[in-house]
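Scroll down for the structure; my scribbles are underneath it.
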Amino acid sequence: MMSSKLLSCGWLQQLLVVLLKLTLSFAGPTNGTECTARGPASYILVFTGHWSPQTFPKQYPLFRPPAQWSKLIAITHNGQHRLFQEGALASIGVQNFAELGVTVELVKGAKDARKRREVGAMYRTAGIPTGIGHSSTELLLQPRSPLLSLMVKVIPSPDWFVGVDSLNLCEGGQWKQEITLDLQPLDAGTDSGFTFSSPNYPTVPQENITRITSQMPNHPANSFFYPRLTELPPIASIRLTRQSRSPARQTPMSNHILPHPIHPQRFSETPLDCEVSMWSSWGLCLGPCSRGGIRHRTRYILLRPANAGTPCPELEEQTECMPHNCLKRQ
């Protein structure tokens, strides 16, 4: 009897070990993002655009279309999923959203990932029809999906967007109370346009998602090229504020209803230096042979200065010369 009981206990122990291994294999890697909080957390997400002609005067879009922001797409997820990643290739969903503002593939990808228990929920806000403005929505994060990723397209642009990649709102067993992040423009690496209104020019082969800076891409035609700046001012920002009330007792908030008044941030004006073309060829030498002649050359303004930038130089130059017909007579 004793030996049969021991065998039975040993068999049960082996079964428990097998079940534990199976459970861990299905759970997958956590990538250091596990959250042990005792329940969900509710947040108000506020997206704020700071895109103005004072902070970004170069080629600032005024019409067809004017500067604006697309709808915001946000997902909550775990460490096994990425909406996008700087330094990696953009998915077809990210490409379509960054170039066209189309969300079909992003939504499909999130639904597929949700079936695999990698994504918790997806949220959207309406677009902002100007460069400066706010949009907001309410988020509910679960301990199994403590990461937040989001994207907003810069309109107009070739494939530029701002976004947040895998922001962890849970540290150990505690949900964070408030987070504010400044956002810089990102290039999806699928279109090679340099300016806000560039025509479609596919990047072949596709490049990685990269951060746009004041000097990268290093080309004077680029709309964000400000060589006098060490870094670009924030073009947008997000603020996440945890709600203190129990999620079950809250009244759902619709987009654009903000929890309290938001005062726009003030950024220093970005100086924009004048840019001029190269000199034209010298014109004909005109004038009498007795006194000699004068010839001219000109250049034109490519970009007018703004915000106390370097003023434009002279656009016309002249010099003395000997008329061609006088040289023949000599």
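Ordering of the structure tokens sets the chain letters (A, B, ...); residue numbers start at 1 within each chain; ligands are numbered from 1 in the order shown.
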
**Item:** A:Glu118 surroundings by only C-alpha atoms, 6 Å radius, close-in-sequence under 6 positions cut, as a count of residues only
**Value:** 3

**Prompt:** In stretch 179-308 of chain A, what's strand (DSSP E) per DSSP? Answer as a VMD selection string?
**Reply:** chain A and resid 179 to 183 186 to 187 210 to 211 236 to 242 275 to 276 293 to 298 301 to 303

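Residues with any atom within 9 Å of A:Phe224, counting only C-alpha atoms and excluding same-chain neighbours fewer than 5 positions away, are Phe56, Lys58, Gln59, Phe194, Thr195, Ile212, Thr213, Ser214, Gln215, Met216, Pro217 and Leu232 of chain A.
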
**Message:** Given only C-alpha atoms as the basis, pick out the residue of A:Val104, A:Ala188, A:Ala74, A:Ala110 nearest to A:Ala88.
**Reply:** A:Ala188

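The two atoms in question, atom CA of A:Ser157 and atom CA of A:Thr190, are spaced 11.9 Å apart.
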
**Message:** Need the shell around stretch 279-286 of chain A: protein/DNA/RNA residues with any atom at most 10 Å away, counting only C-alpha atoms. Skip same-chain ones fewer than 5 positions apart. Format as a PyMOL selection string?
**Reply:** chain A and resi 292-300+315-325

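Once A:Ile92 and its same-chain neighbours fewer than 2 positions away are set aside, A:Leu89, A:Ala90, A:Val94, A:Gln95, A:Asn96, A:Phe97, A:Ala98, A:Glu105, A:Leu106, A:Gly109, A:Thr190 remain within 10 Å of it when counting only C-alpha atoms.
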
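Among A:Ala113, A:Ala221, A:Cys274, A:Val46, the residue with the shortest atom-to-atom distance to A:Gly79, counting only C-alpha atoms, is A:Ala113.
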
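Near A:Arg82, within a cut-off of 8 Å and counting only C-alpha atoms, sit the residues Gly79, Gln80, Phe84, Gln85, Ser149, Asp165 and Ser166 of chain A, with same-chain residues fewer than 2 positions away left out.
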
Next, write the just-selected residues to a file, as a short mmCIF file (atom, residue, chain, number, x, y, z; two decimals), in the first residue's frame, keeping C-alpha atoms as the atom set.
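So selection38.cif came out as:
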```cif
data_model
loop_
_atom_site.label_atom_id
_atom_site.label_comp_id
_atom_site.auth_asym_id
_atom_site.auth_seq_id
_atom_site.Cartn_x
_atom_site.Cartn_y
_atom_site.Cartn_z
CA GLY A 79 5.75 42.65 -24.92
CA GLN A 80 5.06 40.19 -27.74
CA PHE A 84 5.99 50.09 -34.99
CA GLN A 85 9.64 50.24 -34.02
CA SER A 149 1.60 52.38 -28.54
CA ASP A 165 6.31 52.75 -29.06
CA SER A 166 5.56 50.35 -26.19
#
```

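The neighbours of A:Ser52 here are the residues that come within 8 Å of it, using only C-alpha atoms and leaving out any residue fewer than 6 positions away in the same chain; they are Tyr60, Gly131 and Ile132 of chain A.
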
Give me a file of those residues, with all heavy atoms, as a short mmCIF file (atom, residue, chain, number, x, y, z; two decimals), in the first residue's frame.
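The new file out02.cif reads:
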```cif
data_model
loop_
_atom_site.label_atom_id
_atom_site.label_comp_id
_atom_site.auth_asym_id
_atom_site.auth_seq_id
_atom_site.Cartn_x
_atom_site.Cartn_y
_atom_site.Cartn_z
N TYR A 60 5.64 75.98 -44.16
CA TYR A 60 4.46 75.65 -43.34
C TYR A 60 3.22 75.59 -44.23
O TYR A 60 2.90 76.54 -44.94
CB TYR A 60 4.26 76.70 -42.25
CG TYR A 60 3.18 76.33 -41.26
CD1 TYR A 60 3.45 75.46 -40.21
CD2 TYR A 60 1.88 76.83 -41.39
CE1 TYR A 60 2.47 75.10 -39.30
CE2 TYR A 60 0.89 76.47 -40.47
CZ TYR A 60 1.19 75.61 -39.44
OH TYR A 60 0.22 75.25 -38.54
N GLY A 131 -2.89 72.70 -37.08
CA GLY A 131 -1.61 72.22 -36.53
C GLY A 131 -1.55 72.29 -35.03
O GLY A 131 -0.78 71.56 -34.39
N ILE A 132 -2.33 73.21 -34.43
CA ILE A 132 -2.38 73.35 -32.98
C ILE A 132 -3.77 72.95 -32.50
O ILE A 132 -4.78 73.46 -32.99
CB ILE A 132 -2.09 74.80 -32.56
CG1 ILE A 132 -0.69 75.22 -33.04
CG2 ILE A 132 -2.19 74.96 -31.05
CD1 ILE A 132 -0.35 76.67 -32.74
#
```

Please identify the alpha helix (DSSP H) residues within stretch 56-272 of chain A (assignment by DSSP from backbone atoms) and present them as a PDB file with all heavy atoms, in the first residue's frame.
```
ATOM      1  N   ILE A  92       2.980  46.866 -43.582  1.00  0.00           N
ATOM      2  CA  ILE A  92       2.100  47.421 -44.600  1.00  0.00           C
ATOM      3  C   ILE A  92       1.042  48.313 -43.954  1.00  0.00           C
ATOM      4  O   ILE A  92       0.625  49.322 -44.521  1.00  0.00           O
ATOM      5  CB  ILE A  92       1.448  46.293 -45.447  1.00  0.00           C
ATOM      6  CG1 ILE A  92       0.651  46.895 -46.605  1.00  0.00           C
ATOM      7  CG2 ILE A  92       0.600  45.394 -44.579  1.00  0.00           C
ATOM      8  CD1 ILE A  92       1.470  47.650 -47.620  1.00  0.00           C
ATOM      9  N   GLY A  93       0.618  47.956 -42.737  1.00  0.00           N
ATOM     10  CA  GLY A  93      -0.358  48.774 -42.026  1.00  0.00           C
ATOM     11  C   GLY A  93       0.196  50.136 -41.656  1.00  0.00           C
ATOM     12  O   GLY A  93      -0.467  51.163 -41.824  1.00  0.00           O
ATOM     13  N   VAL A  94       1.431  50.145 -41.140  1.00  0.00           N
ATOM     14  CA  VAL A  94       2.088  51.414 -40.796  1.00  0.00           C
ATOM     15  C   VAL A  94       2.336  52.240 -42.050  1.00  0.00           C
ATOM     16  O   VAL A  94       2.140  53.460 -42.054  1.00  0.00           O
ATOM     17  CB  VAL A  94       3.405  51.144 -40.035  1.00  0.00           C
ATOM     18  CG1 VAL A  94       4.218  52.422 -39.885  1.00  0.00           C
ATOM     19  CG2 VAL A  94       3.112  50.535 -38.664  1.00  0.00           C
ATOM     20  N   GLN A  95       2.755  51.595 -43.136  1.00  0.00           N
ATOM     21  CA  GLN A  95       2.988  52.311 -44.396  1.00  0.00           C
ATOM     22  C   GLN A  95       1.709  52.992 -44.896  1.00  0.00           C
ATOM     23  O   GLN A  95       1.720  54.172 -45.242  1.00  0.00           O
ATOM     24  CB  GLN A  95       3.506  51.345 -45.468  1.00  0.00           C
ATOM     25  CG  GLN A  95       3.707  52.023 -46.826  1.00  0.00           C
ATOM     26  CD  GLN A  95       4.212  51.058 -47.886  1.00  0.00           C
ATOM     27  OE1 GLN A  95       4.518  49.907 -47.597  1.00  0.00           O
ATOM     28  NE2 GLN A  95       4.309  51.528 -49.119  1.00  0.00           N
ATOM     29  N   ASN A  96       0.610  52.244 -44.919  1.00  0.00           N
ATOM     30  CA  ASN A  96      -0.648  52.814 -45.408  1.00  0.00           C
ATOM     31  C   ASN A  96      -1.127  53.962 -44.533  1.00  0.00           C
ATOM     32  O   ASN A  96      -1.672  54.953 -45.028  1.00  0.00           O
ATOM     33  CB  ASN A  96      -1.727  51.733 -45.480  1.00  0.00           C
ATOM     34  CG  ASN A  96      -1.488  50.747 -46.606  1.00  0.00           C
ATOM     35  OD1 ASN A  96      -0.704  51.008 -47.517  1.00  0.00           O
ATOM     36  ND2 ASN A  96      -2.151  49.609 -46.548  1.00  0.00           N
ATOM     37  N   PHE A  97      -0.903  53.840 -43.234  1.00  0.00           N
ATOM     38  CA  PHE A  97      -1.331  54.911 -42.336  1.00  0.00           C
ATOM     39  C   PHE A  97      -0.425  56.131 -42.472  1.00  0.00           C
ATOM     40  O   PHE A  97      -0.905  57.266 -42.532  1.00  0.00           O
ATOM     41  CB  PHE A  97      -1.336  54.419 -40.894  1.00  0.00           C
ATOM     42  CG  PHE A  97      -1.851  55.440 -39.919  1.00  0.00           C
ATOM     43  CD1 PHE A  97      -3.196  55.765 -39.884  1.00  0.00           C
ATOM     44  CD2 PHE A  97      -0.989  56.081 -39.044  1.00  0.00           C
ATOM     45  CE1 PHE A  97      -3.682  56.707 -38.990  1.00  0.00           C
ATOM     46  CE2 PHE A  97      -1.461  57.026 -38.148  1.00  0.00           C
ATOM     47  CZ  PHE A  97      -2.803  57.341 -38.120  1.00  0.00           C
ATOM     48  N   ALA A  98       0.902  55.916 -42.531  1.00  0.00           N
ATOM     49  CA  ALA A  98       1.844  57.037 -42.606  1.00  0.00           C
ATOM     50  C   ALA A  98       1.734  57.786 -43.932  1.00  0.00           C
ATOM     51  O   ALA A  98       1.924  59.005 -43.980  1.00  0.00           O
ATOM     52  CB  ALA A  98       3.272  56.530 -42.411  1.00  0.00           C
ATOM     53  N   GLU A  99       1.425  57.063 -45.016  1.00  0.00           N
ATOM     54  CA  GLU A  99       1.340  57.705 -46.330  1.00  0.00           C
ATOM     55  C   GLU A  99      -0.057  58.248 -46.617  1.00  0.00           C
ATOM     56  O   GLU A  99      -0.203  59.360 -47.155  1.00  0.00           O
ATOM     57  CB  GLU A  99       1.735  56.723 -47.429  1.00  0.00           C
ATOM     58  CG  GLU A  99       3.204  56.338 -47.430  1.00  0.00           C
ATOM     59  CD  GLU A  99       3.571  55.497 -48.647  1.00  0.00           C
ATOM     60  OE1 GLU A  99       2.770  55.428 -49.603  1.00  0.00           O
ATOM     61  OE2 GLU A  99       4.666  54.908 -48.642  1.00  0.00           O
ATOM     62  N   LEU A 100      -1.091  57.490 -46.278  1.00  0.00           N
ATOM     63  CA  LEU A 100      -2.453  57.819 -46.708  1.00  0.00           C
ATOM     64  C   LEU A 100      -3.428  58.071 -45.557  1.00  0.00           C
ATOM     65  O   LEU A 100      -4.550  58.538 -45.800  1.00  0.00           O
ATOM     66  CB  LEU A 100      -3.002  56.679 -47.587  1.00  0.00           C
ATOM     67  CG  LEU A 100      -2.138  56.267 -48.784  1.00  0.00           C
ATOM     68  CD1 LEU A 100      -2.697  55.010 -49.428  1.00  0.00           C
ATOM     69  CD2 LEU A 100      -2.043  57.403 -49.792  1.00  0.00           C
ATOM     70  N   VAL A 104      -7.116  50.470 -42.275  1.00  0.00           N
ATOM     71  CA  VAL A 104      -7.675  49.122 -42.468  1.00  0.00           C
ATOM     72  C   VAL A 104      -6.690  48.041 -42.036  1.00  0.00           C
ATOM     73  O   VAL A 104      -7.027  47.132 -41.261  1.00  0.00           O
ATOM     74  CB  VAL A 104      -8.104  48.915 -43.936  1.00  0.00           C
ATOM     75  CG1 VAL A 104      -8.567  47.473 -44.156  1.00  0.00           C
ATOM     76  CG2 VAL A 104      -9.211  49.890 -44.312  1.00  0.00           C
ATOM     77  N   GLU A 105      -5.461  48.101 -42.526  1.00  0.00           N
ATOM     78  CA  GLU A 105      -4.474  47.057 -42.208  1.00  0.00           C
ATOM     79  C   GLU A 105      -4.060  47.100 -40.735  1.00  0.00           C
ATOM     80  O   GLU A 105      -3.807  46.055 -40.127  1.00  0.00           O
ATOM     81  CB  GLU A 105      -3.249  47.204 -43.116  1.00  0.00           C
ATOM     82  CG  GLU A 105      -3.499  46.877 -44.583  1.00  0.00           C
ATOM     83  CD  GLU A 105      -3.840  45.416 -44.805  1.00  0.00           C
ATOM     84  OE1 GLU A 105      -3.409  44.585 -43.980  1.00  0.00           O
ATOM     85  OE2 GLU A 105      -4.537  45.103 -45.786  1.00  0.00           O
ATOM     86  N   LEU A 106      -3.961  48.309 -40.163  1.00  0.00           N
ATOM     87  CA  LEU A 106      -3.612  48.407 -38.745  1.00  0.00           C
ATOM     88  C   LEU A 106      -4.685  47.756 -37.879  1.00  0.00           C
ATOM     89  O   LEU A 106      -4.385  47.018 -36.935  1.00  0.00           O
ATOM     90  CB  LEU A 106      -3.438  49.875 -38.340  1.00  0.00           C
ATOM     91  CG  LEU A 106      -2.130  50.571 -38.731  1.00  0.00           C
ATOM     92  CD1 LEU A 106      -2.126  52.008 -38.218  1.00  0.00           C
ATOM     93  CD2 LEU A 106      -0.925  49.818 -38.191  1.00  0.00           C
ATOM     94  N   VAL A 107      -5.942  48.016 -38.205  1.00  0.00           N
ATOM     95  CA  VAL A 107      -7.039  47.425 -37.440  1.00  0.00           C
ATOM     96  C   VAL A 107      -7.044  45.905 -37.588  1.00  0.00           C
ATOM     97  O   VAL A 107      -7.213  45.173 -36.609  1.00  0.00           O
ATOM     98  CB  VAL A 107      -8.390  48.020 -37.892  1.00  0.00           C
ATOM     99  CG1 VAL A 107      -9.552  47.274 -37.254  1.00  0.00           C
ATOM    100  CG2 VAL A 107      -8.450  49.508 -37.553  1.00  0.00           C
ATOM    101  N   LYS A 108      -6.832  45.425 -38.806  1.00  0.00           N
ATOM    102  CA  LYS A 108      -6.792  43.983 -39.048  1.00  0.00           C
ATOM    103  C   LYS A 108      -5.658  43.332 -38.258  1.00  0.00           C
ATOM    104  O   LYS A 108      -5.840  42.275 -37.639  1.00  0.00           O
ATOM    105  CB  LYS A 108      -6.618  43.704 -40.540  1.00  0.00           C
ATOM    106  CG  LYS A 108      -6.608  42.222 -40.908  1.00  0.00           C
ATOM    107  CD  LYS A 108      -6.482  42.043 -42.413  1.00  0.00           C
ATOM    108  CE  LYS A 108      -6.483  40.569 -42.800  1.00  0.00           C
ATOM    109  NZ  LYS A 108      -5.322  39.860 -42.258  1.00  0.00           N
ATOM    110  N   GLY A 109      -4.477  43.974 -38.267  1.00  0.00           N
ATOM    111  CA  GLY A 109      -3.355  43.425 -37.522  1.00  0.00           C
ATOM    112  C   GLY A 109      -3.609  43.384 -36.025  1.00  0.00           C
ATOM    113  O   GLY A 109      -3.232  42.425 -35.342  1.00  0.00           O
ATOM    114  N   ALA A 110      -4.265  44.428 -35.503  1.00  0.00           N
ATOM    115  CA  ALA A 110      -4.571  44.459 -34.077  1.00  0.00           C
ATOM    116  C   ALA A 110      -5.582  43.376 -33.705  1.00  0.00           C
ATOM    117  O   ALA A 110      -5.465  42.737 -32.655  1.00  0.00           O
ATOM    118  CB  ALA A 110      -5.106  45.837 -33.695  1.00  0.00           C
ATOM    119  N   LYS A 111      -6.578  43.148 -34.571  1.00  0.00           N
ATOM    120  CA  LYS A 111      -7.570  42.101 -34.302  1.00  0.00           C
ATOM    121  C   LYS A 111      -6.924  40.719 -34.311  1.00  0.00           C
ATOM    122  O   LYS A 111      -7.236  39.873 -33.454  1.00  0.00           O
ATOM    123  CB  LYS A 111      -8.691  42.168 -35.331  1.00  0.00           C
ATOM    124  CG  LYS A 111      -9.625  43.354 -35.142  1.00  0.00           C
ATOM    125  CD  LYS A 111     -10.735  43.350 -36.188  1.00  0.00           C
ATOM    126  CE  LYS A 111     -11.716  44.503 -35.961  1.00  0.00           C
ATOM    127  NZ  LYS A 111     -12.783  44.520 -36.988  1.00  0.00           N
ATOM    128  N   ASP A 112      -6.020  40.473 -35.258  1.00  0.00           N
ATOM    129  CA  ASP A 112      -5.320  39.187 -35.304  1.00  0.00           C
ATOM    130  C   ASP A 112      -4.458  38.996 -34.053  1.00  0.00           C
ATOM    131  O   ASP A 112      -4.399  37.894 -33.481  1.00  0.00           O
ATOM    132  CB  ASP A 112      -4.452  39.101 -36.559  1.00  0.00           C
ATOM    133  CG  ASP A 112      -5.279  39.005 -37.837  1.00  0.00           C
ATOM    134  OD1 ASP A 112      -6.476  38.665 -37.738  1.00  0.00           O
ATOM    135  OD2 ASP A 112      -4.739  39.280 -38.930  1.00  0.00           O
ATOM    136  N   ALA A 113      -3.771  40.075 -33.641  1.00  0.00           N
ATOM    137  CA  ALA A 113      -2.928  39.986 -32.448  1.00  0.00           C
ATOM    138  C   ALA A 113      -3.759  39.797 -31.188  1.00  0.00           C
ATOM    139  O   ALA A 113      -3.312  39.157 -30.230  1.00  0.00           O
ATOM    140  CB  ALA A 113      -2.068  41.251 -32.329  1.00  0.00           C
ATOM    141  N   ARG A 114      -4.971  40.321 -31.191  1.00  0.00           N
ATOM    142  CA  ARG A 114      -5.840  40.141 -30.030  1.00  0.00           C
ATOM    143  C   ARG A 114      -6.255  38.688 -29.881  1.00  0.00           C
ATOM    144  O   ARG A 114      -6.396  38.181 -28.756  1.00  0.00           O
ATOM    145  CB  ARG A 114      -7.072  41.037 -30.158  1.00  0.00           C
ATOM    146  CG  ARG A 114      -7.902  41.109 -28.883  1.00  0.00           C
ATOM    147  CD  ARG A 114      -8.991  42.146 -28.969  1.00  0.00           C
ATOM    148  NE  ARG A 114      -9.688  42.272 -27.705  1.00  0.00           N
ATOM    149  CZ  ARG A 114     -10.676  43.114 -27.476  1.00  0.00           C
ATOM    150  NH1 ARG A 114     -11.083  43.917 -28.458  1.00  0.00           N
ATOM    151  NH2 ARG A 114     -11.262  43.168 -26.306  1.00  0.00           N
ATOM    152  N   LYS A 115      -6.438  38.001 -31.003  1.00  0.00           N
ATOM    153  CA  LYS A 115      -6.771  36.580 -30.944  1.00  0.00           C
ATOM    154  C   LYS A 115      -5.630  35.782 -30.327  1.00  0.00           C
ATOM    155  O   LYS A 115      -5.850  34.744 -29.701  1.00  0.00           O
ATOM    156  CB  LYS A 115      -7.082  36.051 -32.344  1.00  0.00           C
ATOM    157  CG  LYS A 115      -8.351  36.626 -32.959  1.00  0.00           C
ATOM    158  CD  LYS A 115      -8.539  36.144 -34.380  1.00  0.00           C
ATOM    159  CE  LYS A 115      -9.770  36.756 -35.027  1.00  0.00           C
ATOM    160  NZ  LYS A 115      -9.914  36.343 -36.455  1.00  0.00           N
TER     161      LYS A 115
END
```

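Taking only C-alpha atoms into account, A:Thr310 lies nearest to A:Leu272 out of the set A:Leu272, A:Ile75, A:Met278, A:Ala121.
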
**Message:** Ranking A:Leu62, A:Ala306, A:Met151, A:Leu45 by minimum distance to A:Gly163 and counting only C-alpha atoms, which one comes first?
**Reply:** A:Met151
